[in-house]
$ cat start24.pdb   # PDB, C-alpha atoms
ATOM      1  CA  ALA Q   1       0.000   0.000   0.000  1.00  0.00           C
ATOM      2  CA  GLU Q   2       2.909   2.321   0.739  1.00  0.00           C
ATOM      3  CA  TYR Q   3       4.158   2.079  -2.852  1.00  0.00           C
ATOM      4  CA  MET Q   4       0.668   2.391  -4.332  1.00  0.00           C
ATOM      5  CA  GLY Q   5       0.179   5.582  -2.349  1.00  0.00           C
ATOM      6  CA  ARG Q   6       3.145   7.149  -4.123  1.00  0.00           C
ATOM      7  CA  LEU Q   7       1.324   6.834  -7.449  1.00  0.00           C
ATOM      8  CA  LEU Q   8      -1.510   9.117  -6.365  1.00  0.00           C
ATOM      9  CA  PRO Q   9      -1.318  12.849  -7.100  1.00  0.00           C
ATOM     10  CA  SER Q  10      -0.093  15.023  -4.238  1.00  0.00           C
ATOM     11  CA  THR Q  11      -3.449  16.843  -4.264  1.00  0.00           C
ATOM     12  CA  THR Q  12      -5.299  13.649  -3.244  1.00  0.00           C
ATOM     13  CA  THR Q  13      -7.084  14.093   0.084  1.00  0.00           C
ATOM     14  CA  ALA Q  14      -6.642  11.577   2.905  1.00  0.00           C
ATOM     15  CA  ASP Q  15     -10.167  10.229   2.356  1.00  0.00           C
ATOM     16  CA  GLU Q  16      -9.634   9.878  -1.412  1.00  0.00           C
ATOM     17  CA  ARG Q  17      -6.284   8.172  -0.749  1.00  0.00           C
ATOM     18  CA  THR Q  18      -7.894   5.687   1.655  1.00  0.00           C
ATOM     19  CA  LYS Q  19     -10.630   4.801  -0.845  1.00  0.00           C
ATOM     20  CA  ALA Q  20      -8.229   4.486  -3.792  1.00  0.00           C
ATOM     21  CA  LEU Q  21      -5.781   2.357  -1.810  1.00  0.00           C
ATOM     22  CA  GLY Q  22      -8.616   0.117  -0.626  1.00  0.00           C
ATOM     23  CA  LEU Q  23      -9.686  -0.485  -4.199  1.00  0.00           C
ATOM     24  CA  ALA Q  24      -6.075  -1.047  -5.313  1.00  0.00           C
ATOM     25  CA  THR Q  25      -5.529  -3.510  -2.459  1.00  0.00           C
ATOM     26  CA  LYS Q  26      -8.629  -5.445  -3.488  1.00  0.00           C
ATOM     27  CA  LEU Q  27      -7.429  -5.499  -7.096  1.00  0.00           C
ATOM     28  CA  PHE Q  28      -3.998  -6.700  -5.905  1.00  0.00           C
ATOM     29  CA  SER Q  29      -5.621  -9.563  -4.000  1.00  0.00           C
ATOM     30  CA  ILE Q  30      -7.515 -10.609  -7.129  1.00  0.00           C
ATOM     31  CA  PHE Q  31      -4.322 -10.553  -9.229  1.00  0.00           C
ATOM     32  CA  ASP Q  32      -2.393 -12.489  -6.530  1.00  0.00           C
ATOM     33  CA  ARG Q  33      -3.984 -15.813  -7.460  1.00  0.00           C
ATOM     34  CA  ASP Q  34      -1.700 -17.961  -5.277  1.00  0.00           C
ATOM     35  CA  SER Q  35      -2.058 -15.645  -2.225  1.00  0.00           C
ATOM     36  CA  SER Q  36       1.723 -15.316  -1.909  1.00  0.00           C
ATOM     37  CA  GLY Q  37       1.586 -11.595  -1.131  1.00  0.00           C
ATOM     38  CA  THR Q  38       3.361 -10.900  -4.402  1.00  0.00           C
ATOM     39  CA  VAL Q  39       1.893 -10.448  -7.854  1.00  0.00           C
ATOM     40  CA  GLU Q  40       4.092 -12.535 -10.114  1.00  0.00           C
ATOM     41  CA  TRP Q  41       4.539 -11.499 -13.724  1.00  0.00           C
ATOM     42  CA  SER Q  42       2.243 -14.292 -14.949  1.00  0.00           C
ATOM     43  CA  GLU Q  43      -0.460 -13.229 -12.452  1.00  0.00           C
ATOM     44  CA  PHE Q  44      -0.141  -9.616 -13.556  1.00  0.00           C
ATOM     45  CA  VAL Q  45      -0.411 -10.568 -17.223  1.00  0.00           C
ATOM     46  CA  MET Q  46      -3.465 -12.766 -16.506  1.00  0.00           C
ATOM     47  CA  GLY Q  47      -5.135 -10.019 -14.477  1.00  0.00           C
ATOM     48  CA  MET Q  48      -4.496  -7.316 -17.065  1.00  0.00           C
ATOM     49  CA  SER Q  49      -5.569  -9.661 -19.829  1.00  0.00           C
ATOM     50  CA  LEU Q  50      -8.838 -10.243 -18.011  1.00  0.00           C
ATOM     51  CA  LEU Q  51      -9.469  -6.541 -17.472  1.00  0.00           C
ATOM     52  CA  CYS Q  52      -8.346  -5.455 -20.928  1.00  0.00           C
ATOM     53  CA  LYS Q  53      -8.990  -8.394 -23.237  1.00  0.00           C
ATOM     54  CA  GLY Q  54     -11.286 -10.815 -21.467  1.00  0.00           C
ATOM     55  CA  PRO Q  55     -14.932 -11.317 -22.302  1.00  0.00           C
ATOM     56  CA  ALA Q  56     -17.328  -8.767 -20.814  1.00  0.00           C
ATOM     57  CA  SER Q  57     -18.807 -11.460 -18.556  1.00  0.00           C
ATOM     58  CA  GLU Q  58     -15.375 -12.096 -16.976  1.00  0.00           C
ATOM     59  CA  LYS Q  59     -14.806  -8.368 -16.522  1.00  0.00           C
ATOM     60  CA  VAL Q  60     -18.169  -8.043 -14.794  1.00  0.00           C
ATOM     61  CA  ALA Q  61     -17.364 -11.014 -12.520  1.00  0.00           C
ATOM     62  CA  ALA Q  62     -13.961  -9.503 -11.665  1.00  0.00           C
ATOM     63  CA  LEU Q  63     -15.539  -6.131 -10.887  1.00  0.00           C
ATOM     64  CA  PHE Q  64     -18.123  -7.858  -8.713  1.00  0.00           C
ATOM     65  CA  LYS Q  65     -15.291  -9.450  -6.688  1.00  0.00           C
ATOM     66  CA  ILE Q  66     -13.659  -6.052  -6.290  1.00  0.00           C
ATOM     67  CA  LEU Q  67     -16.903  -4.405  -5.167  1.00  0.00           C
ATOM     68  CA  ASP Q  68     -17.772  -7.209  -2.750  1.00  0.00           C
ATOM     69  CA  SER Q  69     -15.105  -5.962  -0.357  1.00  0.00           C
ATOM     70  CA  ASP Q  70     -16.272  -8.065   2.600  1.00  0.00           C
ATOM     71  CA  GLY Q  71     -16.467 -11.274   0.533  1.00  0.00           C
ATOM     72  CA  SER Q  72     -20.117 -11.865   1.437  1.00  0.00           C
ATOM     73  CA  GLY Q  73     -21.112 -12.812  -2.102  1.00  0.00           C
ATOM     74  CA  THR Q  74     -23.252  -9.696  -2.458  1.00  0.00           C
ATOM     75  CA  ILE Q  75     -22.663  -5.978  -2.933  1.00  0.00           C
ATOM     76  CA  SER Q  76     -24.074  -3.755  -0.221  1.00  0.00           C
ATOM     77  CA  ARG Q  77     -25.035  -0.106  -0.615  1.00  0.00           C
ATOM     78  CA  PRO Q  78     -21.868   1.068   1.253  1.00  0.00           C
ATOM     79  CA  GLU Q  79     -19.682  -1.114  -1.003  1.00  0.00           C
ATOM     80  CA  LEU Q  80     -21.217   0.347  -4.172  1.00  0.00           C
ATOM     81  CA  GLU Q  81     -20.994   3.869  -2.728  1.00  0.00           C
ATOM     82  CA  SER Q  82     -17.309   3.341  -1.993  1.00  0.00           C
ATOM     83  CA  TYR Q  83     -16.679   2.284  -5.605  1.00  0.00           C
ATOM     84  CA  PHE Q  84     -18.692   5.197  -7.019  1.00  0.00           C
ATOM     85  CA  PHE Q  85     -16.811   7.669  -4.788  1.00  0.00           C
ATOM     86  CA  VAL Q  86     -13.488   6.327  -6.104  1.00  0.00           C
ATOM     87  CA  VAL Q  87     -14.751   6.518  -9.702  1.00  0.00           C
ATOM     88  CA  ARG Q  88     -15.939  10.078  -9.099  1.00  0.00           C
ATOM     89  CA  ASP Q  89     -12.650  11.140  -7.521  1.00  0.00           C
ATOM     90  CA  LEU Q  90     -10.554   9.587 -10.289  1.00  0.00           C
ATOM     91  CA  PHE Q  91     -12.626  11.162 -13.059  1.00  0.00           C
ATOM     92  CA  ILE Q  92     -12.824  14.567 -11.365  1.00  0.00           C
ATOM     93  CA  GLY Q  93      -9.066  14.467 -10.774  1.00  0.00           C
ATOM     94  CA  SER Q  94      -8.259  13.589 -14.372  1.00  0.00           C
ATOM     95  CA  SER Q  95     -10.937  15.270 -16.498  1.00  0.00           C
ATOM     96  CA  GLY Q  96     -13.120  17.328 -14.188  1.00  0.00           C
ATOM     97  CA  ILE Q  97     -16.191  15.358 -15.296  1.00  0.00           C
ATOM     98  CA  SER Q  98     -17.626  12.382 -13.424  1.00  0.00           C
ATOM     99  CA  PRO Q  99     -20.067   9.803 -14.807  1.00  0.00           C
ATOM    100  CA  VAL Q 100     -21.465   9.161 -11.319  1.00  0.00           C
ATOM    101  CA  GLY Q 101     -22.015  12.685  -9.985  1.00  0.00           C
ATOM    102  CA  HIS Q 102     -19.875  15.541  -8.745  1.00  0.00           C
ATOM    103  CA  ASP Q 103     -20.764  15.743  -5.059  1.00  0.00           C
ATOM    104  CA  ASP Q 104     -21.615  13.196  -2.378  1.00  0.00           C
ATOM    105  CA  HIS Q 105     -25.355  13.764  -2.768  1.00  0.00           C
ATOM    106  CA  GLU Q 106     -25.256  13.083  -6.521  1.00  0.00           C
ATOM    107  CA  VAL Q 107     -23.162   9.945  -5.999  1.00  0.00           C
ATOM    108  CA  ARG Q 108     -25.619   8.625  -3.412  1.00  0.00           C
ATOM    109  CA  GLU Q 109     -28.487   9.349  -5.821  1.00  0.00           C
ATOM    110  CA  GLN Q 110     -26.694   7.273  -8.470  1.00  0.00           C
ATOM    111  CA  VAL Q 111     -26.230   4.425  -5.984  1.00  0.00           C
ATOM    112  CA  SER Q 112     -29.932   4.584  -5.097  1.00  0.00           C
ATOM    113  CA  ALA Q 113     -30.856   4.532  -8.790  1.00  0.00           C
ATOM    114  CA  CYS Q 114     -28.603   1.522  -9.316  1.00  0.00           C
ATOM    115  CA  PHE Q 115     -30.105  -0.331  -6.368  1.00  0.00           C
ATOM    116  CA  ALA Q 116     -33.621   0.474  -7.602  1.00  0.00           C
ATOM    117  CA  VAL Q 117     -32.797  -1.365 -10.830  1.00  0.00           C
ATOM    118  CA  ALA Q 118     -30.190  -3.958  -9.805  1.00  0.00           C
ATOM    119  CA  ASP Q 119     -31.618  -5.195  -6.500  1.00  0.00           C
ATOM    120  CA  ALA Q 120     -34.380  -7.146  -8.228  1.00  0.00           C
ATOM    121  CA  ASN Q 121     -35.514  -9.019  -5.123  1.00  0.00           C
ATOM    122  CA  ASN Q 122     -35.328  -5.896  -2.893  1.00  0.00           C
ATOM    123  CA  ASP Q 123     -33.242  -7.604  -0.212  1.00  0.00           C
ATOM    124  CA  GLY Q 124     -30.915  -4.610   0.197  1.00  0.00           C
ATOM    125  CA  SER Q 125     -27.953  -6.192  -1.587  1.00  0.00           C
ATOM    126  CA  ILE Q 126     -26.932  -7.069  -5.132  1.00  0.00           C
ATOM    127  CA  SER Q 127     -26.071 -10.676  -5.979  1.00  0.00           C
ATOM    128  CA  LEU Q 128     -23.708 -11.634  -8.798  1.00  0.00           C
ATOM    129  CA  GLN Q 129     -26.683 -12.569 -10.973  1.00  0.00           C
ATOM    130  CA  GLU Q 130     -28.390  -9.237 -10.305  1.00  0.00           C
ATOM    131  CA  PHE Q 131     -25.107  -7.415 -10.954  1.00  0.00           C
ATOM    132  CA  GLU Q 132     -24.656  -9.195 -14.300  1.00  0.00           C
ATOM    133  CA  VAL Q 133     -28.136  -8.137 -15.424  1.00  0.00           C
ATOM    134  CA  TRP Q 134     -27.516  -4.569 -14.234  1.00  0.00           C
ATOM    135  CA  ALA Q 135     -24.117  -4.412 -15.977  1.00  0.00           C
ATOM    136  CA  LYS Q 136     -25.710  -5.312 -19.299  1.00  0.00           C
ATOM    137  CA  THR Q 137     -27.660  -2.049 -19.193  1.00  0.00           C
ATOM    138  CA  ASN Q 138     -24.256  -0.282 -19.305  1.00  0.00           C
ATOM    139  CA  PRO Q 139     -24.561   2.188 -16.431  1.00  0.00           C
ATOM    140  CA  PRO Q 140     -22.048   5.048 -16.603  1.00  0.00           C
ATOM    141  CA  ALA Q 141     -19.766   3.591 -13.939  1.00  0.00           C
ATOM    142  CA  LEU Q 142     -19.311   0.436 -16.036  1.00  0.00           C
ATOM    143  CA  ARG Q 143     -18.748   2.023 -19.440  1.00  0.00           C
ATOM    144  CA  TRP Q 144     -15.090   0.965 -19.392  1.00  0.00           C
ATOM    145  CA  ILE Q 145     -16.241  -2.622 -20.019  1.00  0.00           C
ATOM    146  CA  ALA Q 146     -17.981  -1.677 -23.265  1.00  0.00           C
ATOM    147  CA  THR Q 147     -15.105   0.616 -24.237  1.00  0.00           C
ATOM    148  CA  TRP Q 148     -12.532  -2.169 -23.886  1.00  0.00           C
ATOM    149  CA  ASN Q 149     -14.772  -4.549 -25.840  1.00  0.00           C
ATOM    150  CA  LYS Q 150     -14.966  -2.022 -28.712  1.00  0.00           C
ATOM    151  CA  ILE Q 151     -11.196  -1.546 -28.689  1.00  0.00           C
ATOM    152  CA  GLU Q 152     -10.422  -5.266 -28.787  1.00  0.00           C
ATOM    153  CA  THR Q 153     -12.907  -5.981 -31.594  1.00  0.00           C
ATOM    154  CA  ALA Q 154     -11.989  -2.969 -33.742  1.00  0.00           C
ATOM    155  CA  PRO Q 155     -10.205  -3.789 -36.988  1.00  0.00           C
ATOM    156  CA  GLN Q 156      -6.476  -3.270 -36.608  1.00  0.00           C
ATOM    157  CA  LYS Q 157      -4.892  -0.736 -38.920  1.00  0.00           C
ATOM    158  CA  LYS Q 158      -1.771  -1.781 -40.737  1.00  0.00           C
ATOM    159  CA  SER Q 159       1.374  -0.093 -39.618  1.00  0.00           C
ATOM    160  CA  TYR Q 160       3.939   1.008 -42.130  1.00  0.00           C
ATOM    161  CA  LYS Q 161       7.643   1.396 -41.634  1.00  0.00           C
ATOM    162  CA  ALA Q 162       9.049   4.860 -41.994  1.00  0.00           C
ATOM    163  CA  TYR Q 163      11.937   4.962 -44.466  1.00  0.00           C
TER     164      TYR Q 163
END
$ encode --input "start24.pdb" --output "structure tokens"
Amino acid sequence: AEYMGRLLPSTTTADERTKALGLATKLFSIFDRDSSGTVEWSEFVMGMSLLCKGPASEKVAALFKILDSDGSGTISRPELESYFFVVRDLFIGSSGISPVGHDDHEVREQVSACFAVADANNDGSISLQEFEVWAKTNPPALRWIATWNKIETAPQKKSYKAY
């Protein structure tokens, strides 16, 4: 976590840093398939391949694991809020525009809207099956999945050597 913290901009607040490092730690644990405490090159390549080149269904399943921070098998409202806050902070920090709202109230409204659609059985949590159905509607916070799918299926342009 100490090294990951060095990658964040110096303007990152303590709260933003905590949220971003929590998400990065969860991602690290998913990449570290053998639970050795180290992400080996092969694990890194597999993880990046999944996130960048894998089928959308695998990307959704990986994101679900990241969001399910307590490992309960469901996503709670606080877990989804935490993810949306990180998404907001990253987008605001890089482009000034966030797909999930610009202040805490707007983010919570987005989470409520997501739960209204995704929590089909109204039990207060989102199961993997509910999350998969919700992800197919392409909410703004999941647009990166569709973007990567378009990139990997786009026809490759020929490259020419410069003489």
$ resolve_selection --input "start24.pdb" --expression "the PyMOL selection byres ((chain Q and resi 115-119) around 10)" --output "NGL selection string"
:Q and (75-77 or 80 or 109-114 or 120-127 or 129-135 or 137)
$ closest_residue --input "start24.pdb" --among "Q:Thr38, Q:Ser98, Q:Thr11, Q:Ser69" --to "Lys26 of chain Q" --atoms "all atoms listed in the file"
Q:Ser69
$ atom_distance --input "start24.pdb" --atom1 "atom CA of Ser35 of chain Q" --atom2 "atom CA of Glu16 of chain Q"
26.6 Å
$ atom_distance --input "start24.pdb" --atom1 "atom CA of Pro55 of chain Q" --atom2 "atom CA of Gly96 of chain Q"
29.8 Å
$ atom_distance --input "start24.pdb" --atom1 "atom CA of Asp68 of chain Q" --atom2 "atom CA of Ser42 of chain Q"
24.5 Å
$ resolve_selection --input "start24.pdb" --expression "the PyMOL selection byres ((chain Q and resi 82-88) around 8)" --output "ChimeraX atom specification"
/Q:16,19-20,23,67,78-81,89-92,98-102,104,107,111,141
$ closest_residue --input "start24.pdb" --among "Q:Val39, Q:Asp103, Q:Leu128, Q:Ser95" --to "Lys65 of chain Q" --atoms "all atoms listed in the file"
Q:Leu128
